[in-house]
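Peer 1: Sharing structure.txt here; it has compact mmCIF, C-alpha atoms.
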# COMPACT_ATOMS: atom_id res chain seq x y z
CA MET A 25 0.00 0.00 0.00
CA THR A 26 2.81 2.38 0.89
CA TYR A 27 4.51 1.61 -2.41
CA LEU A 28 1.34 2.31 -4.34
CA THR A 29 0.76 5.64 -2.57
CA MET A 30 4.36 6.64 -3.14
CA PHE A 31 4.15 5.73 -6.83
CA TYR A 32 0.88 7.65 -7.19
CA LEU A 33 2.31 10.73 -5.45
CA PHE A 34 5.36 10.99 -7.70
CA PHE A 35 3.52 9.94 -10.87
CA ARG A 36 1.07 12.78 -10.23
CA ILE A 37 3.92 15.26 -9.73
CA GLY A 38 5.54 14.16 -12.99
CA LEU A 39 2.23 14.49 -14.81
CA VAL A 40 1.39 18.06 -13.79
CA GLY A 41 4.90 19.38 -13.13
CA PHE A 42 5.29 22.11 -15.73
CA GLY A 43 8.22 24.49 -15.88
CA GLY A 44 11.16 22.44 -14.60
CA GLY A 45 12.49 21.31 -11.22
CA LEU A 46 12.15 24.52 -9.23
CA ALA A 47 8.51 24.98 -10.20
CA MET A 48 7.96 21.34 -9.18
CA LEU A 49 9.22 21.95 -5.63
CA PRO A 50 5.90 23.23 -4.22
CA LEU A 51 4.18 20.14 -5.67
CA ILE A 52 6.69 17.89 -3.92
CA PHE A 53 6.60 19.93 -0.67
CA GLN A 54 2.81 19.67 -0.53
CA GLY A 55 2.73 16.06 -1.72
CA VAL A 56 5.08 14.59 0.87
CA GLN A 57 3.16 16.43 3.59
CA GLU A 58 -0.27 15.44 2.30
CA PHE A 59 0.65 11.75 2.38
CA GLY A 60 2.59 12.10 5.62
CA PHE A 61 5.89 10.89 4.18
CA MET A 62 7.91 13.74 5.57
CA SER A 63 7.69 17.09 7.31
CA ARG A 64 8.50 20.34 5.55
CA GLN A 65 11.67 20.62 7.66
CA GLU A 66 12.93 17.16 6.66
CA PHE A 67 12.11 17.79 3.03
CA SER A 68 14.02 21.06 3.04
CA ASP A 69 17.17 19.03 3.89
CA LEU A 70 16.62 17.19 0.62
CA VAL A 71 16.32 20.43 -1.30
CA ALA A 72 19.64 21.48 0.25
CA LEU A 73 21.22 18.14 -0.75
CA SER A 74 19.87 18.55 -4.28
CA GLN A 75 21.67 21.86 -4.57
CA ILE A 76 25.06 20.27 -3.99
CA THR A 77 24.52 17.14 -6.10
CA PRO A 78 24.16 16.96 -9.88
CA GLY A 79 21.00 15.62 -11.46
CA PRO A 80 17.36 16.67 -11.70
CA VAL A 81 15.94 17.85 -8.37
CA ALA A 82 12.68 15.93 -8.89
CA VAL A 83 14.56 12.63 -9.35
CA ASN A 84 16.69 13.41 -6.29
CA ALA A 85 13.53 14.09 -4.30
CA ALA A 86 11.80 10.89 -5.40
CA THR A 87 14.86 8.76 -4.60
CA TYR A 88 15.31 10.49 -1.24
CA VAL A 89 11.70 10.16 -0.10
CA GLY A 90 11.44 6.58 -1.35
CA PHE A 91 14.69 5.49 0.28
CA HIS A 92 14.01 7.35 3.52
CA TYR A 93 10.62 5.71 3.85
CA ALA A 94 11.02 2.22 2.38
CA GLY A 95 14.67 1.51 1.53
CA VAL A 96 15.96 0.66 -1.95
CA PRO A 97 12.63 -0.83 -3.19
CA GLY A 98 10.89 2.40 -2.13
CA ALA A 99 13.50 4.46 -3.95
CA VAL A 100 12.95 2.41 -7.12
CA VAL A 101 9.16 2.75 -6.96
CA ALA A 102 9.19 6.51 -6.29
CA THR A 103 11.81 7.19 -8.99
CA LEU A 104 9.84 5.14 -11.54
CA GLY A 105 6.79 7.16 -10.54
CA ILE A 106 8.43 10.50 -11.31
CA ALA A 107 10.11 9.29 -14.53
CA LEU A 108 7.20 7.45 -16.18
CA PRO A 109 5.04 10.50 -17.05
CA SER A 110 8.00 12.19 -18.79
CA PHE A 111 8.71 9.02 -20.70
CA ILE A 112 5.13 8.46 -21.85
CA ILE A 113 4.47 12.12 -22.58
CA MET A 114 7.55 12.49 -24.76
CA LEU A 115 6.80 9.30 -26.71
CA VAL A 116 3.08 9.93 -27.21
CA VAL A 117 1.97 13.49 -26.47
CA ALA A 118 4.97 15.31 -27.95
CA ARG A 119 3.84 14.37 -31.47
CA LEU A 120 0.34 15.75 -30.84
CA VAL A 121 1.68 18.96 -29.34
CA THR A 122 3.94 19.54 -32.34
CA ARG A 123 0.91 19.16 -34.60
CA TYR A 124 -1.41 21.42 -32.60
CA GLN A 125 1.07 23.90 -31.13
CA HIS A 126 -0.27 26.80 -33.19
CA THR A 127 -3.91 26.29 -32.25
CA LEU A 128 -5.61 28.76 -29.96
CA GLY A 129 -6.21 26.18 -27.22
CA VAL A 130 -2.63 24.93 -26.90
CA LYS A 131 -1.20 28.44 -27.10
CA GLY A 132 -3.68 29.60 -24.45
CA ILE A 133 -2.76 26.73 -22.10
CA PHE A 134 0.95 27.54 -22.30
CA ALA A 135 0.32 31.28 -21.95
CA GLY A 136 -1.62 30.56 -18.75
CA ILE A 137 0.78 28.05 -17.23
CA ARG A 138 4.04 29.97 -17.78
CA PRO A 139 3.23 32.86 -15.40
CA VAL A 140 1.93 30.34 -12.83
CA THR A 141 5.30 28.56 -12.85
CA ALA A 142 7.01 31.88 -12.00
CA GLY A 143 4.66 32.20 -9.00
CA LEU A 144 5.36 28.58 -8.00
CA ILE A 145 9.14 29.12 -8.06
CA ALA A 146 8.70 32.15 -5.79
CA ALA A 147 6.54 29.97 -3.50
CA ALA A 148 9.33 27.36 -3.46
CA ALA A 149 11.78 30.04 -2.32
CA ILE A 150 9.45 30.98 0.57
CA MET A 151 8.80 27.35 1.56
CA LEU A 152 12.55 26.72 1.77
CA ALA A 153 13.29 30.06 3.47
CA GLU A 154 10.68 29.30 6.15
CA THR A 155 12.67 26.32 7.38
CA ALA A 156 16.03 28.11 7.41
CA LEU A 157 15.46 31.81 7.97
CA PHE A 158 12.45 32.11 10.23
CA ASN A 159 11.13 30.69 13.48
CA HIS A 160 7.54 30.75 12.25
CA PRO A 161 5.88 30.24 8.85
CA VAL A 162 5.97 33.55 6.94
CA PHE A 163 2.21 33.78 6.52
CA SER A 164 1.30 33.11 10.16
CA ARG A 165 0.05 35.39 12.91
CA ASN A 166 3.16 34.91 15.04
CA PHE A 167 5.32 36.04 12.17
CA LEU A 168 3.21 38.96 10.99
CA GLU A 169 2.83 40.37 14.52
CA ASP A 170 6.55 40.56 15.16
CA PRO A 171 8.54 39.78 12.01
CA VAL A 172 11.85 41.02 13.36
CA ALA A 173 11.84 38.64 16.33
CA ALA A 174 11.02 35.68 14.05
CA ILE A 175 14.07 36.14 11.81
CA ASN A 176 17.25 34.15 12.38
CA VAL A 177 19.92 36.77 11.76
CA ILE A 178 22.82 34.73 10.34
CA PRO A 179 20.79 32.69 7.81
CA ALA A 180 18.94 35.86 6.79
CA ALA A 181 22.28 37.56 6.12
CA ILE A 182 23.45 34.54 4.09
CA PHE A 183 20.17 34.71 2.14
CA GLY A 184 20.64 38.40 1.35
CA VAL A 185 24.31 38.09 0.42
CA SER A 186 23.59 35.08 -1.84
CA PHE A 187 20.85 37.00 -3.62
CA LEU A 188 23.20 39.94 -4.24
CA LEU A 189 26.06 37.68 -5.36
CA ILE A 190 23.93 36.07 -8.06
CA SER A 191 21.88 39.08 -9.15
CA LYS A 192 24.58 41.76 -9.15
CA LEU A 193 27.88 39.90 -9.50
CA LYS A 194 26.58 36.87 -11.51
CA ILE A 195 28.69 34.47 -9.45
CA SER A 196 28.15 30.77 -10.24
CA PRO A 197 25.31 29.24 -8.17
CA THR A 198 27.40 26.15 -7.32
CA PHE A 199 30.15 28.34 -5.92
CA ILE A 200 27.70 30.39 -3.83
CA ILE A 201 26.01 27.27 -2.43
CA LEU A 202 29.29 25.57 -1.49
CA GLY A 203 30.74 28.77 -0.01
CA MET A 204 27.66 29.42 2.10
CA GLY A 205 27.67 25.78 3.23
CA VAL A 206 31.22 26.18 4.56
CA ILE A 207 30.37 29.53 6.20
CA GLY A 208 27.25 27.98 7.76
CA ALA A 209 29.27 25.06 9.12
CA PHE A 210 31.69 27.36 10.91
CA ILE A 211 29.32 30.07 12.15
CA CYS A 212 26.27 27.99 13.01
CA GLY A 213 28.15 24.78 13.87
CA MET B 12 22.31 20.70 -17.42
CA LEU B 13 20.73 21.52 -20.81
CA PRO B 14 23.82 23.15 -22.37
CA PHE B 15 25.75 20.02 -21.42
CA ILE B 16 23.16 17.70 -23.00
CA GLN B 17 23.11 19.87 -26.10
CA LYS B 18 26.88 19.70 -26.44
CA MET B 19 27.00 15.91 -26.04
CA VAL B 20 24.11 15.24 -28.44
CA VAL B 21 24.91 17.73 -31.19
CA ASP B 22 28.67 18.34 -31.16
CA ARG B 23 30.21 15.22 -29.68
CA ASN B 24 27.99 12.40 -30.91
CA LYS B 25 26.14 14.05 -33.81
CA TRP B 26 22.88 12.29 -32.90
CA LEU B 27 20.73 15.28 -33.85
CA GLU B 28 21.16 18.41 -35.96
CA GLU B 29 21.46 21.66 -34.01
CA GLU B 30 18.04 22.82 -35.21
CA GLU B 31 16.21 19.67 -34.17
CA MET B 32 17.91 19.80 -30.76
CA VAL B 33 16.66 23.35 -30.20
CA ASN B 34 13.20 22.18 -31.23
CA CYS B 35 13.45 19.19 -28.88
CA ILE B 36 14.36 21.40 -25.93
CA ALA B 37 11.45 23.73 -26.70
CA ILE B 38 9.01 20.79 -26.65
CA ALA B 39 10.61 19.30 -23.52
CA GLN B 40 10.28 22.63 -21.72
CA SER B 41 6.68 23.24 -22.65
CA LEU B 42 5.48 19.78 -21.57
CA PRO B 43 5.21 18.61 -17.96
CA GLY B 44 7.74 16.23 -16.41
CA VAL B 45 11.41 16.19 -15.53
CA LEU B 46 13.20 18.28 -18.14
CA ALA B 47 16.31 16.10 -18.38
CA ILE B 48 14.19 12.94 -18.76
CA ASN B 49 11.96 14.59 -21.37
CA THR B 50 15.04 15.52 -23.40
CA ALA B 51 16.70 12.11 -22.95
CA THR B 52 13.53 10.26 -24.01
CA TYR B 53 13.16 12.41 -27.11
CA VAL B 54 16.78 12.03 -28.22
CA GLY B 55 16.87 8.29 -27.46
CA ASN B 56 13.61 7.64 -29.31
CA ARG B 57 14.66 9.72 -32.29
CA LYS B 58 17.98 7.94 -32.64
CA ALA B 59 17.14 4.34 -31.71
CA GLY B 60 13.40 3.97 -31.14
CA PHE B 61 11.86 2.63 -27.93
CA PRO B 62 14.99 0.81 -26.66
CA GLY B 63 16.97 4.01 -27.24
CA ALA B 64 14.44 6.04 -25.25
CA LEU B 65 14.61 3.51 -22.43
CA ALA B 66 18.42 3.46 -22.35
CA ALA B 67 18.72 7.26 -22.42
CA THR B 68 16.14 7.68 -19.65
CA LEU B 69 17.80 5.12 -17.39
CA GLY B 70 21.12 6.83 -18.09
CA VAL B 71 19.87 10.20 -16.92
CA ILE B 72 18.17 8.79 -13.78
CA LEU B 73 20.77 6.37 -12.42
CA PRO B 74 23.51 8.82 -11.32
CA SER B 75 21.04 10.83 -9.21
CA PHE B 76 19.56 7.64 -7.82
CA ILE B 77 22.92 6.23 -6.71
CA ILE B 78 24.37 9.53 -5.44
CA ILE B 79 21.33 10.34 -3.28
CA ILE B 80 21.21 6.86 -1.71
CA LEU B 81 24.95 6.97 -0.94
CA LEU B 82 24.67 10.48 0.54
CA VAL B 83 21.73 9.56 2.76
CA MET B 84 23.64 6.50 4.00
CA LEU B 85 26.76 8.62 4.60
CA LEU B 86 24.82 11.24 6.56
CA GLY B 87 23.20 8.44 8.56
CA THR B 88 26.64 7.09 9.48
CA ILE B 89 27.91 10.51 10.56
CA GLY B 90 24.85 11.01 12.76
CA PRO B 91 23.88 14.33 14.38
CA ASN B 92 26.75 16.76 14.00
CA PRO B 93 26.71 20.54 14.59
CA TYR B 94 28.96 21.28 11.59
CA VAL B 95 26.77 19.28 9.22
CA ASP B 96 23.66 20.99 10.61
CA GLY B 97 25.34 24.38 10.21
CA ALA B 98 26.29 23.61 6.62
CA PHE B 99 22.67 22.66 5.90
CA VAL B 100 21.46 25.96 7.37
CA GLY B 101 23.93 27.88 5.18
CA ILE B 102 23.03 25.92 2.04
CA LYS B 103 19.28 26.33 2.61
CA ALA B 104 19.57 30.06 3.20
CA ALA B 105 21.74 30.49 0.08
CA ALA B 106 19.44 28.24 -2.01
CA SER B 107 16.38 30.30 -0.98
CA GLY B 108 18.11 33.42 -2.29
CA LEU B 109 19.09 31.73 -5.55
CA ILE B 110 15.59 30.31 -6.10
CA LEU B 111 14.03 33.71 -5.43
CA TYR B 112 16.37 35.15 -8.06
CA SER B 113 15.26 32.46 -10.56
CA ALA B 114 11.61 33.37 -9.92
CA ILE B 115 12.32 37.07 -10.50
CA ARG B 116 14.31 36.37 -13.67
CA LEU B 117 11.62 34.08 -15.11
CA GLY B 118 8.97 36.58 -14.07
CA SER B 119 10.70 39.43 -15.88
CA LEU B 120 10.74 37.28 -19.04
CA VAL B 121 7.16 36.00 -19.08
CA VAL B 122 5.19 38.53 -17.05
CA LYS B 123 4.14 41.17 -19.56
CA GLY B 124 0.72 42.78 -19.30
CA TRP B 125 -1.94 42.49 -16.59
CA PHE B 126 -3.03 38.91 -17.30
CA PRO B 127 0.28 37.15 -16.50
CA TRP B 128 0.77 39.47 -13.51
CA VAL B 129 -2.52 38.33 -12.01
CA LEU B 130 -1.59 34.67 -12.57
CA THR B 131 1.94 34.98 -11.11
CA ILE B 132 0.92 36.94 -8.01
CA GLY B 133 -2.28 34.92 -7.62
CA SER B 134 -0.55 31.54 -7.75
CA PHE B 135 2.24 32.71 -5.43
CA VAL B 136 -0.16 34.00 -2.76
CA ALA B 137 -2.51 31.02 -3.07
CA VAL B 138 0.26 28.42 -2.72
CA ALA B 139 2.67 30.18 -0.32
CA ALA B 140 0.15 31.88 1.99
CA PHE B 141 -2.97 29.71 1.81
CA ASN B 142 -1.34 26.36 0.99
CA VAL B 143 -3.66 25.87 -1.99
CA SER B 144 -2.55 22.79 -3.92
CA ALA B 145 -0.08 23.72 -6.66
CA ILE B 146 -1.96 21.28 -8.91
CA TRP B 147 -5.03 23.54 -8.75
CA ALA B 148 -2.92 26.61 -9.47
CA ILE B 149 -1.54 24.97 -12.62
CA ALA B 150 -4.97 23.68 -13.76
CA LEU B 151 -6.59 27.06 -13.19
CA GLY B 152 -3.73 28.79 -15.05
CA ALA B 153 -4.30 26.52 -18.07
CA PHE B 154 -8.06 27.11 -17.97
CA LEU B 155 -7.75 30.89 -17.64
CA GLY B 156 -5.13 30.86 -20.40
CA ILE B 157 -7.67 29.33 -22.82
CA LEU B 158 -10.40 31.79 -21.74
CA TYR B 159 -8.05 34.74 -22.18
CA ALA B 160 -6.97 33.53 -25.64
CA LEU B 161 -10.64 33.23 -26.68
CA PHE B 162 -11.45 36.64 -25.21
CA ARG B 163 -8.61 38.30 -27.11
CA LYS B 164 -9.54 36.62 -30.36
CA ARG B 165 -13.11 37.84 -29.99
CA ARG B 166 -12.03 41.39 -29.24
CA GLU B 167 -9.73 41.41 -32.26
CA ALA B 168 -12.52 40.05 -34.47
CA LYS B 169 -14.77 42.94 -33.40
CA LYS B 170 -12.19 45.54 -34.42
Could I get this structure in the form of structure tokens?

Peer 2:
Amino acid sequence: MTYLTMFYLFFRIGLVGFGGGLAMLPLIFQGVQEFGFMSRQEFSDLVALSQITPGPVAVNAATYVGFHYAGVPGAVVATLGIALPSFIIMLVVARLVTRYQHTLGVKGIFAGIRPVTAGLIAAAAIMLAETALFNHPVFSRNFLEDPVAAINVIPAAIFGVSFLLISKLKISPTFIILGMGVIGAFICG
Amino acid sequence: MLPFIQKMVVDRNKWLEEEEMVNCIAIAQSLPGVLAINTATYVGNRKAGFPGALAATLGVILPSFIIIILLVMLLGTIGPNPYVDGAFVGIKAAASGLILYSAIRLGSLVVKGWFPWVLTIGSFVAVAAFNVSAIWAIALGAFLGILYALFRKRREAKK
């Protein structure tokens, strides 16, 4: 039963996950919570691990959740679940999309989904920040009443500096992540 | 990851022409699913049919699969450790900043006009603040996208 649920969860994510790995993160965050596989805090560790390992974040997540919950068989089931929709869609649906890509309906669907994925990526940033930067969820009463007291100063500084390093100085993301990991180990450790 | 795939497929192995590769990436990006798997399946199928698609997909999954399992086992062996915890805090904080930057960059590319603005802000608030399922946000975006396309066509027909 667990295997089936896990397969269903990741198959569903693969089926509706438009816009790449980052836009998929809210789907995975909500999914693992909905089925009780993992808390948001635990899952955020996986997102951190994904940042320092190569490979698609969704595959990393499926393997991690599956392995964490049911060992190697679980990892196989969850990873198959996330990969199968891609596989089927590219073999079957891709041909149809190529044929109908200039129709009003298909163009409309893509025009509607693209801005949503931008919103989902921003939501992923908040979901991850909540577990590292703040003592309370961002959209909670505790936080909104006294935001300053809810902020962890050092992680918040790392967050701000990382944002500036990538947006202003265009420093490589891998370098920023590794550097901030080392800084975190020494300051917070 | 995509520039790397492109280089291996087009330049190194000459499996696809440059133009078809660009086309393949465009299709892979517009359809749901894991981008790297979408691309691998397309290239494998195009070059060697179903077995090719299967081989390419397994090839793109396996490294992640093995690395994650090894890392989880390694972290389990180390056990609770303040330096590891500190590193995780640093990585998460940095990753939040980088992901926020990705959202802003994508937003500045696709959000033009009031309609995409409403969808971007609406989906962000619904999912981040009210924990509305991201699946509903995507489905509603697709539905509103069709309505908006019909609405615009009608308005243009009237002119």

Peer 1: Neighbours of stretch 47-52 of chain A within 10 Å (all atoms listed in the file; same-chain residues fewer than 5 positions away dropped), as a count of residues only?

Peer 2: 43

Peer 1: One decimal, Å: what's the distance from atom CA of A:Leu120 over to atom CA of B:Val20, could you say?

Peer 2: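 So the two atoms, atom CA of A:Leu120 and atom CA of B:Val20, lie 23.9 Å apart.
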
Peer 1: Between B:Gly133, B:Trp147, B:Leu46, B:Phe76, which has the minimum distance to A:Thr103 (counting all atoms listed in the file)?

Peer 2: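 The shortest atom-to-atom distance to A:Thr103 comes from B:Phe76.
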
Peer 1: Hey, can I get the axis-aligned box for stretch 146-162 of chain B? All listed atoms, 8 Å padding on each side, centre and edge lengths in Å to one decimal, as JSON.

Peer 2:
{"center_x": -6.5, "center_y": 29.0, "center_z": -17.7, "size_x": 25.9, "size_y": 31.4, "size_z": 33.9}

Peer 1: Could you work out how far atom CA of B:Phe141 lies from atom CA of A:Phe163, giving the answer in Å with one decimal?

Peer 2: 8.1 Å

Peer 1: List the spatial neighbours of B:Leu81 as a tab-separated table (two decimals) with C-alpha atoms, keeping the file's coordinate frame - criterion: any atom at most 12 Å away, only C-alpha atoms, same-chain residues fewer than 6 positions off excluded.

Peer 2:
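Saved the output as selection.tsv:
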chain	number	residue	atom	x	y	z
A	73	LEU	CA	21.22	18.14	-0.75
A	77	THR	CA	24.52	17.14	-6.10
A	84	ASN	CA	16.69	13.41	-6.29
A	87	THR	CA	14.86	8.76	-4.60
A	88	TYR	CA	15.31	10.49	-1.24
A	91	PHE	CA	14.69	5.49	0.28
A	92	HIS	CA	14.01	7.35	3.52
A	95	GLY	CA	14.67	1.51	1.53
A	96	VAL	CA	15.96	0.66	-1.95
B	74	PRO	CA	23.51	8.82	-11.32
B	75	SER	CA	21.04	10.83	-9.21
B	87	GLY	CA	23.20	8.44	8.56
B	88	THR	CA	26.64	7.09	9.48

Peer 1: From the set B:Leu120, B:Ala67, B:Met19, B:Leu130, which residue has the shortest atom-to-atom contact distance to chain A, counting only C-alpha atoms?

Peer 2: B:Leu130

Peer 1: Residues within 10 Å of B:Tyr112, please, as a ChimeraX atom specification. Count all atoms listed in the file; anything in the same chain fewer than 6 positions from it doesn't count.

Peer 2: /A:145-146,149,186-188,190-191 /B:106,118

Peer 1: Determine the nearest neighbour of A:Arg123 from the options B:Val54, B:Val95, B:Asn24, B:Ile38, counting all atoms listed in the file.

Peer 2: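 Answer, going by the shortest atom-to-atom distance: B:Ile38.
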
Peer 1: Residues near B:Val33, anyone? I mean within 12 Å using all atoms listed in the file, not counting same-chain ones fewer than 6 positions away, as a ChimeraX atom specification.

Peer 2: /B:13-14,16-18,20-21,27,39-40,50,53-54

Peer 1: Taking the structure in the block just given, could you write stretch 136-164 of chain B with N, CA and C atoms, as a PDB file, in the first residue's frame?

Peer 2:
ATOM      1  N   VAL B 136       0.563  33.779  -4.015  1.00  0.00           N
ATOM      2  CA  VAL B 136      -0.159  34.001  -2.755  1.00  0.00           C
ATOM      3  C   VAL B 136      -0.973  32.762  -2.381  1.00  0.00           C
ATOM      4  N   ALA B 137      -1.671  32.175  -3.367  1.00  0.00           N
ATOM      5  CA  ALA B 137      -2.513  31.015  -3.075  1.00  0.00           C
ATOM      6  C   ALA B 137      -1.688  29.865  -2.507  1.00  0.00           C
ATOM      7  N   VAL B 138      -0.534  29.583  -3.130  1.00  0.00           N
ATOM      8  CA  VAL B 138       0.257  28.424  -2.717  1.00  0.00           C
ATOM      9  C   VAL B 138       1.084  28.728  -1.464  1.00  0.00           C
ATOM     10  N   ALA B 139       1.767  29.892  -1.448  1.00  0.00           N
ATOM     11  CA  ALA B 139       2.667  30.180  -0.324  1.00  0.00           C
ATOM     12  C   ALA B 139       1.904  30.577   0.934  1.00  0.00           C
ATOM     13  N   ALA B 140       0.830  31.381   0.799  1.00  0.00           N
ATOM     14  CA  ALA B 140       0.146  31.880   1.990  1.00  0.00           C
ATOM     15  C   ALA B 140      -1.016  30.982   2.411  1.00  0.00           C
ATOM     16  N   PHE B 141      -1.765  30.460   1.440  1.00  0.00           N
ATOM     17  CA  PHE B 141      -2.967  29.708   1.806  1.00  0.00           C
ATOM     18  C   PHE B 141      -2.819  28.205   1.583  1.00  0.00           C
ATOM     19  N   ASN B 142      -1.610  27.778   1.201  1.00  0.00           N
ATOM     20  CA  ASN B 142      -1.336  26.361   0.987  1.00  0.00           C
ATOM     21  C   ASN B 142      -2.338  25.695   0.043  1.00  0.00           C
ATOM     22  N   VAL B 143      -2.822  26.446  -0.927  1.00  0.00           N
ATOM     23  CA  VAL B 143      -3.659  25.874  -1.988  1.00  0.00           C
ATOM     24  C   VAL B 143      -2.783  24.914  -2.785  1.00  0.00           C
ATOM     25  N   SER B 144      -3.347  23.773  -3.184  1.00  0.00           N
ATOM     26  CA  SER B 144      -2.552  22.793  -3.922  1.00  0.00           C
ATOM     27  C   SER B 144      -2.018  23.395  -5.221  1.00  0.00           C
ATOM     28  N   ALA B 145      -0.708  23.196  -5.447  1.00  0.00           N
ATOM     29  CA  ALA B 145      -0.077  23.720  -6.665  1.00  0.00           C
ATOM     30  C   ALA B 145      -0.714  23.125  -7.908  1.00  0.00           C
ATOM     31  N   ILE B 146      -1.282  21.908  -7.769  1.00  0.00           N
ATOM     32  CA  ILE B 146      -1.960  21.275  -8.906  1.00  0.00           C
ATOM     33  C   ILE B 146      -3.126  22.143  -9.372  1.00  0.00           C
ATOM     34  N   TRP B 147      -3.901  22.681  -8.397  1.00  0.00           N
ATOM     35  CA  TRP B 147      -5.034  23.537  -8.745  1.00  0.00           C
ATOM     36  C   TRP B 147      -4.559  24.831  -9.393  1.00  0.00           C
ATOM     37  N   ALA B 148      -3.452  25.367  -8.892  1.00  0.00           N
ATOM     38  CA  ALA B 148      -2.924  26.612  -9.468  1.00  0.00           C
ATOM     39  C   ALA B 148      -2.572  26.404 -10.939  1.00  0.00           C
ATOM     40  N   ILE B 149      -1.943  25.254 -11.246  1.00  0.00           N
ATOM     41  CA  ILE B 149      -1.544  24.968 -12.623  1.00  0.00           C
ATOM     42  C   ILE B 149      -2.787  24.761 -13.502  1.00  0.00           C
ATOM     43  N   ALA B 150      -3.755  23.967 -12.988  1.00  0.00           N
ATOM     44  CA  ALA B 150      -4.966  23.682 -13.762  1.00  0.00           C
ATOM     45  C   ALA B 150      -5.745  24.968 -14.038  1.00  0.00           C
ATOM     46  N   LEU B 151      -5.857  25.804 -13.015  1.00  0.00           N
ATOM     47  CA  LEU B 151      -6.591  27.063 -13.186  1.00  0.00           C
ATOM     48  C   LEU B 151      -5.863  27.974 -14.180  1.00  0.00           C
ATOM     49  N   GLY B 152      -4.525  27.992 -14.098  1.00  0.00           N
ATOM     50  CA  GLY B 152      -3.732  28.787 -15.045  1.00  0.00           C
ATOM     51  C   GLY B 152      -4.010  28.356 -16.484  1.00  0.00           C
ATOM     52  N   ALA B 153      -4.039  27.030 -16.719  1.00  0.00           N
ATOM     53  CA  ALA B 153      -4.298  26.520 -18.067  1.00  0.00           C
ATOM     54  C   ALA B 153      -5.692  26.924 -18.535  1.00  0.00           C
ATOM     55  N   PHE B 154      -6.676  26.783 -17.639  1.00  0.00           N
ATOM     56  CA  PHE B 154      -8.062  27.110 -17.971  1.00  0.00           C
ATOM     57  C   PHE B 154      -8.217  28.606 -18.293  1.00  0.00           C
ATOM     58  N   LEU B 155      -7.659  29.449 -17.409  1.00  0.00           N
ATOM     59  CA  LEU B 155      -7.752  30.894 -17.637  1.00  0.00           C
ATOM     60  C   LEU B 155      -6.996  31.296 -18.901  1.00  0.00           C
ATOM     61  N   GLY B 156      -5.902  30.584 -19.189  1.00  0.00           N
ATOM     62  CA  GLY B 156      -5.133  30.861 -20.403  1.00  0.00           C
ATOM     63  C   GLY B 156      -5.989  30.661 -21.650  1.00  0.00           C
ATOM     64  N   ILE B 157      -6.784  29.583 -21.666  1.00  0.00           N
ATOM     65  CA  ILE B 157      -7.667  29.333 -22.816  1.00  0.00           C
ATOM     66  C   ILE B 157      -8.738  30.429 -22.916  1.00  0.00           C
ATOM     67  N   LEU B 158      -9.361  30.748 -21.754  1.00  0.00           N
ATOM     68  CA  LEU B 158     -10.403  31.785 -21.743  1.00  0.00           C
ATOM     69  C   LEU B 158      -9.861  33.104 -22.269  1.00  0.00           C
ATOM     70  N   TYR B 159      -8.651  33.465 -21.793  1.00  0.00           N
ATOM     71  CA  TYR B 159      -8.047  34.740 -22.177  1.00  0.00           C
ATOM     72  C   TYR B 159      -7.742  34.756 -23.673  1.00  0.00           C
ATOM     73  N   ALA B 160      -7.260  33.616 -24.207  1.00  0.00           N
ATOM     74  CA  ALA B 160      -6.967  33.533 -25.636  1.00  0.00           C
ATOM     75  C   ALA B 160      -8.257  33.715 -26.453  1.00  0.00           C
ATOM     76  N   LEU B 161      -9.356  33.083 -25.990  1.00  0.00           N
ATOM     77  CA  LEU B 161     -10.643  33.228 -26.684  1.00  0.00           C
ATOM     78  C   LEU B 161     -11.134  34.674 -26.624  1.00  0.00           C
ATOM     79  N   PHE B 162     -11.015  35.264 -25.429  1.00  0.00           N
ATOM     80  CA  PHE B 162     -11.452  36.641 -25.206  1.00  0.00           C
ATOM     81  C   PHE B 162     -10.720  37.605 -26.132  1.00  0.00           C
ATOM     82  N   ARG B 163      -9.401  37.402 -26.256  1.00  0.00           N
ATOM     83  CA  ARG B 163      -8.608  38.296 -27.112  1.00  0.00           C
ATOM     84  C   ARG B 163      -8.957  38.129 -28.583  1.00  0.00           C
ATOM     85  N   LYS B 164      -9.213  36.883 -28.959  1.00  0.00           N
ATOM     86  CA  LYS B 164      -9.538  36.623 -30.357  1.00  0.00           C
ATOM     87  C   LYS B 164     -10.857  37.311 -30.720  1.00  0.00           C
TER      88      LYS B 164
END
